[in-house]
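Shown next, in structure tokens, is the structure this report addresses.
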Amino acid sequence: MKKGNFKKVSGLESFFSKERGATFFKRHPKKIISLFVLGVVYYFCLPKQLFDTPTATVIESKTGQLLGARIATDGQWRFPVVDSVPKKFETCILHFEDAFFYEHPGFNPVSMIKALGENISAGKIVRGGSTITQQVIRLSRQDKKRSYVEKIIELVLATRLELRHTKKDILKLYASHAPFGGNVVGLEVASWRYFGLQPHQLSWAETATLAVLPNAPSLIYPGKNQERLKEKRNRLLRKLRDEKVIDATTYRLAILEELPQKPYPLPKIAPHLVTNISQRKEGQRIRTSIDMALQRNVNAITDKHHQRLRQNQVHNAAVLVLDVATRKIRAYVGNTPTSKTHQKDVDMIRANRSTGSVIKPFLYAAMLDEGELLPNMLVADIPTQIAGYSPENFNEDYSGAVTAKQALARSLNIPAVRLLQSYGLEKFRDQLEVMKLGGIDKTADHYGLTLILGGAESNLWDICKNYAAMASTVNHFNQTSSEYYTEELQELILEEKESPYFGKKTGEKVLFDAASNYLTLEAMKEVNRPEENESWAFYDSAEEIAWKTGTSFGNKDAWAIGITKKHVVGVWVGNADGEGRPDVTGVVSAAPLLFDVFDILPKSDWFSKPLDEFNEVVVCANSGYLATAICPKKTIAVPHKENAVAACSYHKNIYLDRQKQFRVNASCTEISTAKLNSWFVLPPLMEFYYKKSHPKYRPLPPFREDCIERTLPPMAFIYPKDGSRITLTKNFAGELNEIIVKVAHATPETPLFWYLDDLFLQKTTHFHEIGILPPKGKHKITVVDALGKEISLTITIA
């Protein structure tokens with residue numbers, strides 16, 4: 001046939017086909033419409049969501065291991081749909097329930113005919129003949145009475161389910177919703193509750209036990225129906241042996257295995273994390289960033305320290321471990337395994353508590369960043385009163401003067417308060433706002449200078465987040481050829497699927513520059529580890545860790561935060577109810593736990609110095625301030641910015657006699673014959689304490705006897721402060737206690753003469769302190785030294 005003719009014939013056939021179709025529709029319109037309606041009904045007969053029952057909240061580690069779960073709102077242990085069905089269970093359930101599962105279209109006519117015959121013979125329903133697909137439909141249609149009509153409905157819906165889902169998906173639905181006795185629904189929960197294992201870890205005997213249970217879930221009750229359950233299990237195992245699924249040896253061993261006797265509790269590896277996530281993502285399966293092995297180890301370490309701490313009636317502790325690069329949480333211990341009486345369910349990682357000294361490094365970094373501080377700059381550590389507030393060091397002692405770096409490393413309170421006053425309370429409070437420290441939500445005036453010593457509250461989560469940003473800023477600056485990220489201050493991540501977004505690269509710092517952060521970490525590295533020799537840092541095996549402790553007022557909270565290039569570890573120790581206990585301090589209670597956790601973490605190198613963010617300056621070798629012409633000098637690297645630190649004022653030019661024994665001046669010698677010397681000299685009160693711990697410190701030499709001294713009196717009051725308002729206390733006998741007045745003199749052996757309201761009291765030498773008991777009202781205290789130099793102050797006795 002020619003090509004053109006073929007086209008004509010095809011066209012004719014198409015025409016007649018259309019004609020026949022049109023004719024059929026005209027002859028049977030009702031049938032066509034009915035079939036169409038039936039098709040639409042069939043298509044939409046299956047609900048879009050087959051199961052709407054609530055599910056438990058399931059929390060897993062980063063590798064899918066169960067950390068814990070919270071029961072569904074209907075009181076059933078029903079996990080979300082499984083990702084896959086273990087091969088053993090699939091084999092067992094198909095051999096027991098539906099051998100032709102992969103061949104039938106949703107129902108098995110042969111099984112149905114057999115079941116119908118047996119039911120007619122018995123006069124009642126004794127066998128269902130349902131496929132797994134039909135059972136999934138029946139499970140989804142809860143509380144439906146079993147009948148032949150219901151069977152027909154299940155059959156129709158089963159065929160529709162087969163068209164919509166793959167066989168594997170149908171198996172997953174069955175394994176997730178089949179009843180396994182009591183309030184246990186689904187293979188995964190059943191595996192945990194009856195064997196304490198994940199489904200893929202089950203033996204053939206254990207898997208066979210679970211495979212036969214949905215057929216008769218009441219058999220699992222502990223101590224009951226054991227023989228019936230064993231007989232059903234062994235029958236299935238025999239079938240597996242006969243069909244060469246398992247060998248004879250496996251069969252013999254399998255039938256010897258015991259049946260479960262009592263339910264196992266679900267794992268509680270991170271209970272506070274489970275509670276935390278359940279409140280936000282109820283009924284979901286969440287794969288967290290938790291490292292299971294690390295979590296177990298940190299749990300064990302926390303428990304070990306809890307045994308020690310509770311001897312001092314300290315019952316609670318929390319530990320957080322996070323990865324600096326990803327901001328992912330790797331271990332989350334919200335509390336100790338204590339009792340409900342001691343509030344074991346409170347998540348102390350999220351609880352706001354007095355910060356103690358753990359925010360001092362942020363002030364140190366802020367002042368470095370502003371150019372208002374140099375690491376070796378001397379800061380006064382002397383009795384201090386500012387607007388009626390008198391801070392004290394933890395050891396209630398004074399150093400006179402310490403470098404800013406030492407003040408941070410030693411966590412001295414008085415230098416921190418003086419630095420905060422110098423920097424600006426309001427400015428620092430604004431920076432804490434940017435850092436999003438939860439709990440710090442009041443004005444600067446509300447906190448006052450106590451802000452830097454624990455006058456505010458925050459939580460372990462947010463504090464660790466900011467320390468991680470400090471470490472990450474240094475790392476990123478070195479990794480990006482001296483650039484920053486716009487979103488460096490990241491929220492911590494709990495889900496493994498999430499990744500941090502650090503924003504865009506920029507040449508501008510976000511909060512504190514890399515050099516300031518680096519110097520802060522360097523200062524924190526110099527703290528000595530607890531209960532160890534100070535030389536620990538010189539051993540090759542010791543890891544370099546920057547760390548900071550904190551202790552709240554009344555010994556209620558003990559903190560320890562440790563930072564390396566890779567990890568941040570945060571520890572809180574105390575009582576959740578706020579009860580303080582002796583020896584609850586950051587160094588004694590929290591730091592040992594901190595270092596035990598670091599011992600199990602992978603070691604990392606120390607931070608690389610962000611060289612491009614440094615600038616060299618010349619400073620005074622003794623005071624750490626910018627050098628003057630008369631200072632001994634040294635060059636140091638500081639953050640690259642305009643420096644606002646003052647020039648050194650502690651070096652003075654003095655003239656000495658030829659023997660360099662006494663000071664001289666124009667009143668007693670020809671200045672051209674005297675020796676000009678630069679002398680490092682501190683103010684009297686600073687000097688009084690400083691020289692106790694600095695034997696090399698040399699006070700100013702006295703003037704030669706024939707010289708007229710033209711300097712200020714070398715003495716100062718230690719206590720009280722001028723203008724103080726004092727309320728006298730009483731002892732146990734009801735008598736008023738004296739006020740102890742103290743004075744520091746540059747030359748302690750100099751005699752001092754004491755007066756109260758111009759009335760002579762007594763004379764002191766060497767130890768210049770006396771007790772006085774003035775009446776209520778305003779009083780003037782005057783002290784005169786042997787050379788006639790005089791100081792005075794006024795106090796009010798309330």
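Please note that chains go A, B, ... in the order of the structure tokens, that every chain numbers its residues from 1, and that ligands are numbered from 1 in the order shown.
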
* To do: Determine, counting only C-alpha atoms, which protein, DNA and RNA residues have an atom within 8 Å of an atom of segment 276-289 of chain A; residues of the same chain fewer than 3 positions away are not included. Present the result as an MDAnalysis selection string.
  => chainID A and resid 54:64 70 72 79:80 272:273 328:330 493:497

Residue selection dump (N, CA, C and O atoms) as a tab-separated table (two decimals), in the first residue's frame:
chain	number	residue	atom	x	y	z
A	54	PRO	N	-1.93	10.64	67.18
A	54	PRO	CA	-0.72	11.34	67.66
A	54	PRO	C	0.44	10.37	67.84
A	54	PRO	O	0.23	9.18	68.10
A	55	THR	N	1.63	10.87	67.67
A	55	THR	CA	2.82	10.03	67.82
A	55	THR	C	3.71	10.58	68.93
A	55	THR	O	3.59	11.73	69.34
A	56	ALA	N	4.57	9.72	69.42
A	56	ALA	CA	5.53	10.13	70.45
A	56	ALA	C	6.58	11.05	69.84
A	56	ALA	O	6.81	11.04	68.63
A	57	THR	N	7.21	11.84	70.70
A	57	THR	CA	8.34	12.65	70.26
A	57	THR	C	9.59	11.80	70.43
A	57	THR	O	9.89	11.32	71.52
A	58	VAL	N	10.30	11.59	69.34
A	58	VAL	CA	11.46	10.70	69.34
A	58	VAL	C	12.72	11.52	69.06
A	58	VAL	O	12.80	12.23	68.06
A	59	ILE	N	13.67	11.45	69.97
A	59	ILE	CA	14.90	12.21	69.84
A	59	ILE	C	16.07	11.25	69.64
A	59	ILE	O	16.30	10.35	70.45
A	60	GLU	N	16.79	11.46	68.55
A	60	GLU	CA	17.89	10.56	68.18
A	60	GLU	C	19.22	11.31	68.16
A	60	GLU	O	19.26	12.53	68.06
A	61	SER	N	20.29	10.54	68.23
A	61	SER	CA	21.63	11.09	68.10
A	61	SER	C	21.90	11.42	66.63
A	61	SER	O	21.07	11.15	65.76
A	62	LYS	N	23.07	11.96	66.35
A	62	LYS	CA	23.39	12.33	64.97
A	62	LYS	C	23.48	11.13	64.05
A	62	LYS	O	23.38	11.27	62.83
A	63	THR	N	23.65	9.92	64.61
A	63	THR	CA	23.73	8.71	63.80
A	63	THR	C	22.45	7.88	63.90
A	63	THR	O	22.43	6.73	63.46
A	64	GLY	N	21.39	8.44	64.49
A	64	GLY	CA	20.11	7.74	64.51
A	64	GLY	C	19.87	6.87	65.72
A	64	GLY	O	18.87	6.14	65.76
A	70	ARG	N	9.23	10.88	74.30
A	70	ARG	CA	8.11	11.29	75.16
A	70	ARG	C	6.83	10.71	74.58
A	70	ARG	O	6.58	10.82	73.38
A	72	ALA	N	3.09	9.65	73.35
A	72	ALA	CA	2.12	10.42	72.58
A	72	ALA	C	1.02	10.96	73.49
A	72	ALA	O	0.80	10.46	74.60
A	79	PHE	N	5.70	5.52	67.85
A	79	PHE	CA	6.71	6.36	67.22
A	79	PHE	C	6.25	6.80	65.83
A	79	PHE	O	5.40	6.16	65.21
A	80	PRO	N	6.81	7.90	65.32
A	80	PRO	CA	6.54	8.28	63.92
A	80	PRO	C	6.94	7.15	62.97
A	80	PRO	O	7.73	6.26	63.34
A	272	HIS	N	16.76	15.86	79.51
A	272	HIS	CA	16.41	17.28	79.49
A	272	HIS	C	16.38	17.82	78.06
A	272	HIS	O	15.61	18.73	77.75
A	273	LEU	N	17.20	17.25	77.22
A	273	LEU	CA	17.15	17.61	75.80
A	273	LEU	C	15.84	17.14	75.18
A	273	LEU	O	15.23	17.86	74.39
A	328	LYS	N	27.32	23.20	66.62
A	328	LYS	CA	26.44	22.09	66.95
A	328	LYS	C	26.73	21.56	68.36
A	328	LYS	O	27.88	21.44	68.76
A	329	ILE	N	25.65	21.24	69.07
A	329	ILE	CA	25.77	20.68	70.41
A	329	ILE	C	26.14	19.21	70.29
A	329	ILE	O	25.46	18.45	69.61
A	330	ARG	N	27.20	18.81	70.96
A	330	ARG	CA	27.66	17.42	70.90
A	330	ARG	C	27.33	16.63	72.17
A	330	ARG	O	27.29	15.40	72.15
A	493	ILE	N	23.16	25.07	67.56
A	493	ILE	CA	22.37	24.16	66.71
A	493	ILE	C	22.19	22.82	67.41
A	493	ILE	O	23.14	22.23	67.91
A	494	LEU	N	20.94	22.33	67.40
A	494	LEU	CA	20.62	21.05	68.04
A	494	LEU	C	20.27	19.95	67.03
A	494	LEU	O	20.25	18.78	67.39
A	495	GLU	N	19.99	20.31	65.78
A	495	GLU	CA	19.61	19.30	64.79
A	495	GLU	C	20.74	19.09	63.79
A	495	GLU	O	21.30	20.05	63.27
A	496	GLU	N	21.04	17.83	63.53
A	496	GLU	CA	22.17	17.49	62.67
A	496	GLU	C	21.98	17.99	61.25
A	496	GLU	O	22.95	18.34	60.57
A	497	LYS	N	20.75	18.09	60.78
A	497	LYS	CA	20.50	18.51	59.39
A	497	LYS	C	20.75	20.01	59.19
A	497	LYS	O	20.90	20.46	58.06

Each residue of segment 443-496 of chain A lying at most 9 Å from segment 375-391 of chain A should get a row with its shortest atom-to-atom pair and the distance in Å to one decimal, counting only C-alpha atoms; could you produce that, ordered by chain and increasing number, as a Markdown table?
| residue | atom | partner | partner_atom | distance |
| --- | --- | --- | --- | --- |
| A:Leu449 | CA | A:Tyr389 | CA | 8.2 |
| A:Thr450 | CA | A:Pro391 | CA | 8.2 |
| A:Leu453 | CA | A:Pro391 | CA | 8.9 |

Expected file: the selected residues, N, CA, C and O atoms, as a short mmCIF file (atom, residue, chain, number, x, y, z; two decimals), in the first residue's frame:
data_model
loop_
_atom_site.label_atom_id
_atom_site.label_comp_id
_atom_site.auth_asym_id
_atom_site.auth_seq_id
_atom_site.Cartn_x
_atom_site.Cartn_y
_atom_site.Cartn_z
N LEU A 449 27.47 48.50 89.33
CA LEU A 449 28.77 47.89 89.08
C LEU A 449 28.82 46.41 89.47
O LEU A 449 29.76 45.70 89.09
N THR A 450 27.79 45.93 90.18
CA THR A 450 27.75 44.49 90.51
C THR A 450 27.53 43.65 89.26
O THR A 450 27.66 42.42 89.31
N LEU A 453 30.21 41.24 88.55
CA LEU A 453 30.54 40.25 89.59
C LEU A 453 29.42 39.25 89.84
O LEU A 453 29.46 38.50 90.82
#

* Asked: Of the candidates A:Cys631, A:Ile600, A:Ala590, A:Ala248, which shows the shortest atom-to-atom distance to Glu543 of chain A, using only C-alpha atoms?
  ->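 Selected residue with least distance to Glu543 of chain A: A:Ile600.
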
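Proximity ranking of A:Lys566, A:Lys360, A:Lys548, A:Lys48 relative to His165 of chain A places A:Lys48 first, based on only C-alpha atoms.
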
* In Å, with one decimal, what is the gap from atom CA of Trp204 of chain A to atom CA of Asp98 of chain A? ->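 About the pair atom CA of Trp204 of chain A and atom CA of Asp98 of chain A: they are 18.2 Å apart.
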
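Candidate residues A:Thr796, A:Ser604, A:Thr91, A:Gln65 were compared for distance to Thr727 of chain A, and the nearest is A:Thr796, using only C-alpha atoms.
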
Please, which residues in segment 571-687 of chain A fall within 6 Å of segment 556-565 of chain A when counting only C-alpha atoms, and what is the closest atom pair and distance in Å to one decimal for each, ordered by chain then residue number, as a Markdown table?
| residue | atom | partner | partner_atom | distance |
| --- | --- | --- | --- | --- |
| A:Val571 | CA | A:Ala560 | CA | 5.2 |
| A:Trp572 | CA | A:Trp559 | CA | 4.7 |
| A:Val573 | CA | A:Ala558 | CA | 5.0 |
| A:Gly574 | CA | A:Asp557 | CA | 5.0 |
| A:Gly578 | CA | A:Lys556 | CA | 5.9 |
| A:Glu579 | CA | A:Lys556 | CA | 5.9 |
| A:Gly580 | CA | A:Lys556 | CA | 4.0 |
| A:Val584 | CA | A:Ala558 | CA | 6.0 |
| A:Thr585 | CA | A:Ala558 | CA | 4.8 |
| A:Gly586 | CA | A:Ala558 | CA | 4.3 |
| A:Ala590 | CA | A:Ala560 | CA | 5.4 |
| A:Ala591 | CA | A:Ala560 | CA | 5.4 |
| A:Phe607 | CA | A:Lys565 | CA | 5.7 |

Output file for the residues above (N, CA, C and O atoms, as a PDB file, in the first residue's frame):
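File written: part24.pdb
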ATOM      1  N   VAL A 571      30.191  24.354  82.207  1.00  0.00           N
ATOM      2  CA  VAL A 571      29.772  23.580  83.381  1.00  0.00           C
ATOM      3  C   VAL A 571      29.132  24.530  84.394  1.00  0.00           C
ATOM      4  O   VAL A 571      29.663  25.617  84.649  1.00  0.00           O
ATOM      5  N   TRP A 572      28.018  24.122  84.934  1.00  0.00           N
ATOM      6  CA  TRP A 572      27.407  24.814  86.070  1.00  0.00           C
ATOM      7  C   TRP A 572      27.188  23.805  87.185  1.00  0.00           C
ATOM      8  O   TRP A 572      26.766  22.667  86.930  1.00  0.00           O
ATOM      9  N   VAL A 573      27.461  24.204  88.430  1.00  0.00           N
ATOM     10  CA  VAL A 573      27.259  23.338  89.591  1.00  0.00           C
ATOM     11  C   VAL A 573      26.584  24.153  90.685  1.00  0.00           C
ATOM     12  O   VAL A 573      26.920  25.323  90.902  1.00  0.00           O
ATOM     13  N   GLY A 574      25.648  23.554  91.376  1.00  0.00           N
ATOM     14  CA  GLY A 574      24.982  24.226  92.491  1.00  0.00           C
ATOM     15  C   GLY A 574      23.731  23.477  92.877  1.00  0.00           C
ATOM     16  O   GLY A 574      23.578  22.281  92.588  1.00  0.00           O
ATOM     17  N   GLY A 578      18.527  27.100  94.703  1.00  0.00           N
ATOM     18  CA  GLY A 578      19.226  28.318  95.080  1.00  0.00           C
ATOM     19  C   GLY A 578      19.907  28.271  96.425  1.00  0.00           C
ATOM     20  O   GLY A 578      20.472  29.279  96.881  1.00  0.00           O
ATOM     21  N   GLU A 579      19.926  27.110  97.085  1.00  0.00           N
ATOM     22  CA  GLU A 579      20.593  27.020  98.383  1.00  0.00           C
ATOM     23  C   GLU A 579      22.109  27.040  98.196  1.00  0.00           C
ATOM     24  O   GLU A 579      22.660  26.247  97.428  1.00  0.00           O
ATOM     25  N   GLY A 580      22.788  27.949  98.874  1.00  0.00           N
ATOM     26  CA  GLY A 580      24.240  28.006  98.809  1.00  0.00           C
ATOM     27  C   GLY A 580      24.869  27.006  99.761  1.00  0.00           C
ATOM     28  O   GLY A 580      24.287  26.640 100.781  1.00  0.00           O
ATOM     29  N   VAL A 584      31.247  25.667  97.385  1.00  0.00           N
ATOM     30  CA  VAL A 584      30.695  25.693  96.031  1.00  0.00           C
ATOM     31  C   VAL A 584      31.325  26.884  95.313  1.00  0.00           C
ATOM     32  O   VAL A 584      30.865  28.016  95.397  1.00  0.00           O
ATOM     33  N   THR A 585      32.440  26.610  94.644  1.00  0.00           N
ATOM     34  CA  THR A 585      33.154  27.642  93.894  1.00  0.00           C
ATOM     35  C   THR A 585      33.479  27.110  92.514  1.00  0.00           C
ATOM     36  O   THR A 585      33.497  25.890  92.280  1.00  0.00           O
ATOM     37  N   GLY A 586      33.754  28.022  91.609  1.00  0.00           N
ATOM     38  CA  GLY A 586      34.086  27.614  90.257  1.00  0.00           C
ATOM     39  C   GLY A 586      35.308  26.723  90.198  1.00  0.00           C
ATOM     40  O   GLY A 586      35.332  25.717  89.479  1.00  0.00           O
ATOM     41  N   ALA A 590      33.318  23.219  89.929  1.00  0.00           N
ATOM     42  CA  ALA A 590      33.007  23.118  88.494  1.00  0.00           C
ATOM     43  C   ALA A 590      34.219  22.777  87.635  1.00  0.00           C
ATOM     44  O   ALA A 590      34.107  22.010  86.679  1.00  0.00           O
ATOM     45  N   ALA A 591      35.380  23.360  87.958  1.00  0.00           N
ATOM     46  CA  ALA A 591      36.557  23.165  87.095  1.00  0.00           C
ATOM     47  C   ALA A 591      37.013  21.710  86.997  1.00  0.00           C
ATOM     48  O   ALA A 591      37.384  21.262  85.906  1.00  0.00           O
ATOM     49  N   PHE A 607      45.049  28.518  69.170  1.00  0.00           N
ATOM     50  CA  PHE A 607      44.632  29.472  68.154  1.00  0.00           C
ATOM     51  C   PHE A 607      45.845  30.120  67.469  1.00  0.00           C
ATOM     52  O   PHE A 607      46.832  30.456  68.130  1.00  0.00           O
TER      53      PHE A 607
END

DSSP says strand (DSSP E) for which residues of segment 44-115 of chain A? Put them as an mmCIF file with all heavy atoms, in the first residue's frame?
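The resulting file, selection_33.cif, is shown below:
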data_model
loop_
_atom_site.group_PDB
_atom_site.id
_atom_site.type_symbol
_atom_site.label_atom_id
_atom_site.label_comp_id
_atom_site.auth_asym_id
_atom_site.auth_seq_id
_atom_site.Cartn_x
_atom_site.Cartn_y
_atom_site.Cartn_z
ATOM 1 N N THR A 57 7.206 11.838 70.699
ATOM 2 C CA THR A 57 8.342 12.652 70.260
ATOM 3 C C THR A 57 9.594 11.801 70.426
ATOM 4 O O THR A 57 9.888 11.323 71.517
ATOM 5 C CB THR A 57 8.476 13.926 71.111
ATOM 6 O OG1 THR A 57 7.212 14.588 71.143
ATOM 7 C CG2 THR A 57 9.521 14.853 70.534
ATOM 8 N N VAL A 58 10.296 11.594 69.340
ATOM 9 C CA VAL A 58 11.460 10.700 69.337
ATOM 10 C C VAL A 58 12.719 11.524 69.065
ATOM 11 O O VAL A 58 12.800 12.227 68.058
ATOM 12 C CB VAL A 58 11.309 9.595 68.274
ATOM 13 C CG1 VAL A 58 12.521 8.683 68.266
ATOM 14 C CG2 VAL A 58 10.038 8.795 68.536
ATOM 15 N N ILE A 59 13.669 11.447 69.973
ATOM 16 C CA ILE A 59 14.903 12.215 69.845
ATOM 17 C C ILE A 59 16.069 11.247 69.642
ATOM 18 O O ILE A 59 16.305 10.353 70.454
ATOM 19 C CB ILE A 59 15.156 13.076 71.113
ATOM 20 C CG1 ILE A 59 13.901 13.889 71.452
ATOM 21 C CG2 ILE A 59 16.359 13.967 70.910
ATOM 22 C CD1 ILE A 59 13.444 14.816 70.357
ATOM 23 N N GLU A 60 16.793 11.456 68.548
ATOM 24 C CA GLU A 60 17.891 10.562 68.178
ATOM 25 C C GLU A 60 19.219 11.307 68.161
ATOM 26 O O GLU A 60 19.264 12.534 68.062
ATOM 27 C CB GLU A 60 17.628 9.964 66.796
ATOM 28 C CG GLU A 60 16.367 9.141 66.709
ATOM 29 C CD GLU A 60 16.073 8.659 65.294
ATOM 30 O OE1 GLU A 60 16.580 9.290 64.344
ATOM 31 O OE2 GLU A 60 15.344 7.677 65.149
ATOM 32 N N LEU A 66 18.698 6.092 69.544
ATOM 33 C CA LEU A 66 17.654 6.674 70.381
ATOM 34 C C LEU A 66 18.233 7.280 71.655
ATOM 35 O O LEU A 66 18.850 6.593 72.467
ATOM 36 C CB LEU A 66 16.608 5.613 70.738
ATOM 37 C CG LEU A 66 15.381 6.104 71.516
ATOM 38 C CD1 LEU A 66 14.592 7.106 70.682
ATOM 39 C CD2 LEU A 66 14.500 4.939 71.928
ATOM 40 N N LEU A 67 18.015 8.591 71.825
ATOM 41 C CA LEU A 67 18.430 9.280 73.046
ATOM 42 C C LEU A 67 17.318 9.283 74.083
ATOM 43 O O LEU A 67 17.577 9.285 75.292
ATOM 44 C CB LEU A 67 18.808 10.731 72.729
ATOM 45 C CG LEU A 67 20.063 10.962 71.894
ATOM 46 C CD1 LEU A 67 20.145 12.418 71.469
ATOM 47 C CD2 LEU A 67 21.307 10.563 72.670
ATOM 48 N N GLY A 68 16.090 9.277 73.624
ATOM 49 C CA GLY A 68 14.949 9.306 74.524
ATOM 50 C C GLY A 68 13.691 9.627 73.748
ATOM 51 O O GLY A 68 13.724 9.968 72.563
ATOM 52 N N ALA A 69 12.555 9.503 74.410
ATOM 53 C CA ALA A 69 11.278 9.761 73.750
ATOM 54 C C ALA A 69 10.258 10.210 74.788
ATOM 55 O O ALA A 69 10.399 9.945 75.981
ATOM 56 C CB ALA A 69 10.786 8.511 73.024
ATOM 57 N N ARG A 70 9.226 10.876 74.304
ATOM 58 C CA ARG A 70 8.114 11.295 75.159
ATOM 59 C C ARG A 70 6.835 10.707 74.583
ATOM 60 O O ARG A 70 6.577 10.821 73.378
ATOM 61 C CB ARG A 70 8.035 12.816 75.235
ATOM 62 C CG ARG A 70 6.807 13.320 75.984
ATOM 63 C CD ARG A 70 6.913 14.774 76.359
ATOM 64 N NE ARG A 70 7.848 14.969 77.460
ATOM 65 C CZ ARG A 70 7.949 16.101 78.140
ATOM 66 N NH1 ARG A 70 7.208 17.140 77.819
ATOM 67 N NH2 ARG A 70 8.805 16.210 79.134
ATOM 68 N N TRP A 77 2.526 4.474 73.301
ATOM 69 C CA TRP A 77 3.903 4.515 72.811
ATOM 70 C C TRP A 77 3.855 4.204 71.325
ATOM 71 O O TRP A 77 3.878 3.055 70.921
ATOM 72 C CB TRP A 77 4.787 3.529 73.554
ATOM 73 C CG TRP A 77 5.291 4.054 74.870
ATOM 74 C CD1 TRP A 77 5.020 3.581 76.107
ATOM 75 C CD2 TRP A 77 6.175 5.160 75.043
ATOM 76 N NE1 TRP A 77 5.659 4.334 77.059
ATOM 77 C CE2 TRP A 77 6.386 5.310 76.434
ATOM 78 C CE3 TRP A 77 6.799 6.058 74.167
ATOM 79 C CZ2 TRP A 77 7.188 6.300 76.971
ATOM 80 C CZ3 TRP A 77 7.600 7.050 74.692
ATOM 81 C CH2 TRP A 77 7.800 7.166 76.075
ATOM 82 N N ARG A 78 3.774 5.259 70.534
ATOM 83 C CA ARG A 78 3.642 5.120 69.077
ATOM 84 C C ARG A 78 4.634 6.074 68.421
ATOM 85 O O ARG A 78 4.473 7.287 68.444
ATOM 86 C CB ARG A 78 2.223 5.446 68.628
ATOM 87 C CG ARG A 78 1.964 5.252 67.150
ATOM 88 C CD ARG A 78 0.619 5.824 66.745
ATOM 89 N NE ARG A 78 -0.508 5.249 67.432
ATOM 90 C CZ ARG A 78 -1.205 5.869 68.391
ATOM 91 N NH1 ARG A 78 -0.875 7.109 68.766
ATOM 92 N NH2 ARG A 78 -2.238 5.281 68.977
#

* **In segment 467-568 of chain A, DSSP alpha helix (DSSP H) residues written as a ChimeraX atom specification** => /A:467-479,514-525
